[in-house]
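First comes the structure, then the notes that go with it.
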Amino acid sequence: MPASIFDDLLVKGIRAGEVPGRTEEAREWYRNRAKNVSRARVSEQRFRRDLPERMQQDISFGSMYMFSYDPKLKNTLPYYDQFPLVFPINTASGGFLGMNMHYLPPQLRARLMDALYDTVTNQRYDQSTSLRISYDILNSAAKFNLFKPTIKHYLYKQVRSRFIYIEPSEWDIALFLPTAKWAKAGSATVYADARRKIRG
């Protein structure tokens, strides 16, 4: 196996002429291949082992991260994701607000991500690229109407690992890898609730 699943799919994509993030066709190419990756290849432990250089203590708003999380109020939550895939967007008491993309069904996840690409700071899709978003921006534009199920308040004291930084060129891969780690309910319940929240 290459250094990471990201390297594997990026190399195949670039050979096929698909440059990450640049076109809708390229994004779809990477998403479709990420959907076919088996859960056994993308465990939390494997990410920590394969991407040690990505492990960070701090976060930057508008970038994408994965990390281990143990909610403070887990006993009262109907379900939660123990390995979130998050774009931090605002500070919040004791931590930050983040968009955990796992809370949306894959089709809606893709639609929201396509809208979010309109906010990128540049078209290089390297470490200088991030999303220019905040809760107020998301809440004020109809094209972001799918975001509400994704907003979660993460407390730094409940984070159980360092943050794994996801390169912008890898966003469309990470978006569809089967990395969600649900507790107390399965994805069908989570997605049904997400659709209800969107309908309002």
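The way I read the labels, and the way they are meant: chains A, B, ... in the order of the structure tokens, residue 1 as the first residue of every chain, and ligand 1 as the first ligand shown, with later ones counted on from there.
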Item to check | Selection near A:Asp172, 7 Å with only C-alpha atoms, sequence-local residues under 6 positions removed, as number ranges by chain | outcome: A: 27, 30-31
Item to check | Every residue of stretch 6-193 of chain A that DSSP places in strand (DSSP E or B), as a ChimeraX atom specification | outcome: /A:55-56,64-66,69,80-81,85-92,95-100,120,131,151-155,159,163-166,182-183
Checklist entry - Pick from A:Gly17, A:Pro106, A:Gly200, A:Gly186: nearest to A:Asp81, with only C-alpha atoms counted? => result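 Closest residue, counting only C-alpha atoms: A:Gly186.
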Checklist entry - Got a sec: who's within 9 Å of A:Leu175, counting only C-alpha atoms, leaving out chain neighbours fewer than 6 positions off, as JSON, numbers by chain? => result {"A": [31, 34, 85, 101, 102, 106, 109, 110, 113]}
May I have the selected residues written with N, CA, C and O atoms, as an mmCIF file, in the first residue's frame?
data_model
loop_
_atom_site.group_PDB
_atom_site.id
_atom_site.type_symbol
_atom_site.label_atom_id
_atom_site.label_comp_id
_atom_site.auth_asym_id
_atom_site.auth_seq_id
_atom_site.Cartn_x
_atom_site.Cartn_y
_atom_site.Cartn_z
ATOM 1 N N ARG A 31 -14.578 11.170 -5.982
ATOM 2 C CA ARG A 31 -15.637 10.735 -5.068
ATOM 3 C C ARG A 31 -16.071 9.309 -5.366
ATOM 4 O O ARG A 31 -16.263 8.505 -4.447
ATOM 5 N N ALA A 34 -13.466 6.914 -4.122
ATOM 6 C CA ALA A 34 -13.424 6.855 -2.661
ATOM 7 C C ALA A 34 -14.583 6.034 -2.111
ATOM 8 O O ALA A 34 -14.440 5.332 -1.099
ATOM 9 N N LEU A 85 -15.128 14.197 10.501
ATOM 10 C CA LEU A 85 -14.472 14.819 9.353
ATOM 11 C C LEU A 85 -15.002 16.240 9.309
ATOM 12 O O LEU A 85 -16.135 16.480 8.898
ATOM 13 N N MET A 101 -18.974 16.688 8.035
ATOM 14 C CA MET A 101 -19.615 16.286 6.795
ATOM 15 C C MET A 101 -20.211 14.883 6.860
ATOM 16 O O MET A 101 -21.069 14.521 6.050
ATOM 17 N N HIS A 102 -19.781 14.091 7.824
ATOM 18 C CA HIS A 102 -20.325 12.739 7.965
ATOM 19 C C HIS A 102 -21.826 12.729 8.263
ATOM 20 O O HIS A 102 -22.491 11.725 8.010
ATOM 21 N N PRO A 106 -24.410 10.791 1.551
ATOM 22 C CA PRO A 106 -23.395 11.094 0.533
ATOM 23 C C PRO A 106 -23.855 12.038 -0.581
ATOM 24 O O PRO A 106 -23.104 12.943 -0.963
ATOM 25 N N ARG A 109 -24.027 15.459 0.852
ATOM 26 C CA ARG A 109 -22.651 15.850 1.188
ATOM 27 C C ARG A 109 -21.952 16.430 -0.044
ATOM 28 O O ARG A 109 -21.279 17.460 0.029
ATOM 29 N N ALA A 110 -22.143 15.767 -1.179
ATOM 30 C CA ALA A 110 -21.535 16.238 -2.421
ATOM 31 C C ALA A 110 -22.112 17.589 -2.837
ATOM 32 O O ALA A 110 -21.369 18.487 -3.259
ATOM 33 N N MET A 113 -20.679 20.273 -0.581
ATOM 34 C CA MET A 113 -19.268 20.516 -0.876
ATOM 35 C C MET A 113 -19.108 21.295 -2.173
ATOM 36 O O MET A 113 -18.260 22.189 -2.273
#
Report as CSV: every residue of stretch 2-23 of chain A with an atom at most 9 Å from stretch 122-131 of chain A, its closest pair of atoms, and their distance in Å to one decimal, counting only C-alpha atoms, with rows sorted by chain and ascending residue number.
residue,atom,partner,partner_atom,distance
A:Pro20,CA,A:Tyr125,CA,7.6
A:Gly21,CA,A:Tyr125,CA,6.9
A:Arg22,CA,A:Gln123,CA,7.3
Can I get the selected residues back with N, CA, C and O atoms, as a PDB file, in the first residue's frame?
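So the final result, stored in out_8.pdb, reads:
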ATOM      1  N   PRO A  20      -7.347  17.247  -8.909  1.00  0.00           N
ATOM      2  CA  PRO A  20      -8.288  17.417  -7.792  1.00  0.00           C
ATOM      3  C   PRO A  20      -8.838  18.831  -7.667  1.00  0.00           C
ATOM      4  O   PRO A  20      -8.104  19.811  -7.758  1.00  0.00           O
ATOM      5  N   GLY A  21     -10.148  18.926  -7.464  1.00  0.00           N
ATOM      6  CA  GLY A  21     -10.793  20.181  -7.122  1.00  0.00           C
ATOM      7  C   GLY A  21     -11.033  21.138  -8.271  1.00  0.00           C
ATOM      8  O   GLY A  21     -11.820  22.068  -8.141  1.00  0.00           O
ATOM      9  N   ARG A  22     -10.400  20.913  -9.414  1.00  0.00           N
ATOM     10  CA  ARG A  22     -10.425  21.931 -10.455  1.00  0.00           C
ATOM     11  C   ARG A  22     -11.735  21.955 -11.253  1.00  0.00           C
ATOM     12  O   ARG A  22     -12.149  22.993 -11.736  1.00  0.00           O
TER      13      ARG A  22
END
Checklist entry - Using only C-alpha atoms, which residue out of A:Arg132, A:Arg48, A:Arg195, A:Lys35 lies closest to A:Gly62? => result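 With only C-alpha atoms as the atom set, the closest residue is A:Arg132.
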Checklist entry - Contacts of A:Asn90 at 12 Å or less, counting only C-alpha atoms, minus same-chain residues fewer than 4 places along, as a ChimeraX atom specification? => result /A:59-63,86,94-99,132-138,151-154
The selected residues should be written to file as an mmCIF file, in the first residue's frame (atoms: N, CA and C atoms).
data_model
loop_
_atom_site.group_PDB
_atom_site.id
_atom_site.type_symbol
_atom_site.label_atom_id
_atom_site.label_comp_id
_atom_site.auth_asym_id
_atom_site.auth_seq_id
_atom_site.Cartn_x
_atom_site.Cartn_y
_atom_site.Cartn_z
ATOM 1 N N ILE A 59 -5.848 23.888 15.030
ATOM 2 C CA ILE A 59 -6.649 23.885 13.816
ATOM 3 C C ILE A 59 -6.657 25.273 13.191
ATOM 4 N N SER A 60 -7.004 25.332 11.917
ATOM 5 C CA SER A 60 -7.217 26.593 11.200
ATOM 6 C C SER A 60 -8.624 26.566 10.632
ATOM 7 N N PHE A 61 -9.344 27.650 10.781
ATOM 8 C CA PHE A 61 -10.703 27.709 10.260
ATOM 9 C C PHE A 61 -10.686 27.592 8.738
ATOM 10 N N GLY A 62 -11.639 26.816 8.226
ATOM 11 C CA GLY A 62 -11.759 26.631 6.782
ATOM 12 C C GLY A 62 -10.920 25.509 6.212
ATOM 13 N N SER A 63 -10.120 24.837 7.057
ATOM 14 C CA SER A 63 -9.368 23.666 6.626
ATOM 15 C C SER A 63 -10.125 22.411 7.066
ATOM 16 N N VAL A 86 -14.182 17.206 9.718
ATOM 17 C CA VAL A 86 -14.705 18.525 10.080
ATOM 18 C C VAL A 86 -13.966 19.673 9.389
ATOM 19 N N GLY A 94 -14.979 26.945 24.947
ATOM 20 C CA GLY A 94 -14.182 25.755 25.225
ATOM 21 C C GLY A 94 -13.726 24.996 24.003
ATOM 22 N N GLY A 95 -14.002 25.528 22.803
ATOM 23 C CA GLY A 95 -13.628 24.786 21.608
ATOM 24 C C GLY A 95 -13.978 25.524 20.336
ATOM 25 N N PHE A 96 -14.681 24.850 19.432
ATOM 26 C CA PHE A 96 -14.993 25.450 18.139
ATOM 27 C C PHE A 96 -16.264 24.832 17.559
ATOM 28 N N LEU A 97 -16.899 25.577 16.659
ATOM 29 C CA LEU A 97 -17.981 25.036 15.845
ATOM 30 C C LEU A 97 -17.360 24.461 14.587
ATOM 31 N N GLY A 98 -17.843 23.300 14.195
ATOM 32 C CA GLY A 98 -17.328 22.682 12.982
ATOM 33 C C GLY A 98 -18.427 22.023 12.185
ATOM 34 N N MET A 99 -18.209 21.944 10.890
ATOM 35 C CA MET A 99 -19.111 21.215 10.004
ATOM 36 C C MET A 99 -18.584 19.798 9.864
ATOM 37 N N ARG A 132 -13.493 30.036 2.858
ATOM 38 C CA ARG A 132 -13.757 31.323 3.499
ATOM 39 C C ARG A 132 -15.202 31.298 4.006
ATOM 40 N N ILE A 133 -15.399 30.666 5.157
ATOM 41 C CA ILE A 133 -16.760 30.474 5.659
ATOM 42 C C ILE A 133 -16.838 30.772 7.152
ATOM 43 N N SER A 134 -18.050 31.034 7.594
ATOM 44 C CA SER A 134 -18.381 31.182 9.010
ATOM 45 C C SER A 134 -19.830 30.754 9.158
ATOM 46 N N TYR A 135 -20.289 30.638 10.381
ATOM 47 C CA TYR A 135 -21.692 30.264 10.591
ATOM 48 C C TYR A 135 -22.617 31.297 9.948
ATOM 49 N N ASP A 136 -22.282 32.567 10.099
ATOM 50 C CA ASP A 136 -23.133 33.621 9.533
ATOM 51 C C ASP A 136 -23.214 33.529 8.012
ATOM 52 N N ILE A 137 -22.090 33.250 7.374
ATOM 53 C CA ILE A 137 -22.082 33.110 5.915
ATOM 54 C C ILE A 137 -22.946 31.926 5.493
ATOM 55 N N LEU A 138 -22.782 30.803 6.180
ATOM 56 C CA LEU A 138 -23.557 29.605 5.845
ATOM 57 C C LEU A 138 -25.053 29.840 6.026
ATOM 58 N N ILE A 151 -23.471 21.022 11.738
ATOM 59 C CA ILE A 151 -22.860 21.919 12.728
ATOM 60 C C ILE A 151 -22.826 21.267 14.116
ATOM 61 N N LYS A 152 -21.629 21.155 14.661
ATOM 62 C CA LYS A 152 -21.431 20.559 15.984
ATOM 63 C C LYS A 152 -20.466 21.435 16.783
ATOM 64 N N HIS A 153 -20.658 21.431 18.089
ATOM 65 C CA HIS A 153 -19.774 22.169 19.002
ATOM 66 C C HIS A 153 -18.775 21.164 19.569
ATOM 67 N N TYR A 154 -17.513 21.321 19.226
ATOM 68 C CA TYR A 154 -16.464 20.416 19.692
ATOM 69 C C TYR A 154 -15.662 21.081 20.804
#
Checklist entry - Can you list, as a list of chain:residue names, every protein, DNA or RNA residue that comes within 7 Å of A:Ser4 when you count only C-alpha atoms, leaving out same-chain residues fewer than 3 positions away? => result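 The contact residues come out as A:Asp7, A:Asp8, A:Asp50.
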Keeping only C-alpha atoms, write the selected residues to a file as an mmCIF file, in the first residue's frame.
data_model
loop_
_atom_site.group_PDB
_atom_site.id
_atom_site.type_symbol
_atom_site.label_atom_id
_atom_site.label_comp_id
_atom_site.auth_asym_id
_atom_site.auth_seq_id
_atom_site.Cartn_x
_atom_site.Cartn_y
_atom_site.Cartn_z
ATOM 1 C CA ASP A 7 -1.638 9.017 -2.361
ATOM 2 C CA ASP A 8 -3.074 5.916 -4.008
ATOM 3 C CA ASP A 50 0.266 6.457 7.636
#
Item to check | Shortest interatomic distance to A:Pro78 - which of A:Leu104, A:Val190, A:Leu51, A:Val37, counting only C-alpha atoms | outcome: A:Val190
Checklist entry - Of the residues A:Lys72, A:Asn145, A:Ser169, A:Arg49, which is the one nearest to A:Ala26, using only C-alpha atoms? => result A:Ser169
Next on the checklist: So that I can see what lies close to A:Ala183, please list as a PyMOL selection string the residues with an atom at most 10 Å from it, counting only C-alpha atoms and leaving out residues fewer than 3 positions away in the same chain.
Outcome noted: chain A and resi 74+77-82+180+186-187
Next on the checklist: I need the residues of chain A that end up classed as helix (DSSP H, G or I) by DSSP on the backbone, written out as a ChimeraX atom specification.
Outcome noted: /A:5-15,24-35,39-41,44-50,52-54,101-103,106-119,135-140,142-144,148-150,156-158,168-174,187-199
Item to check | Spatial neighbours of A:Asn36, max dist 10 Å, only C-alpha atoms, sep filter under 5 positions, as a count of residues only | outcome: 4
Item to check | Option closest in space to A:Val42, from A:Phe6, A:Tyr65, A:Trp29, A:Tyr156 [counting only C-alpha atoms] | outcome: A:Phe6
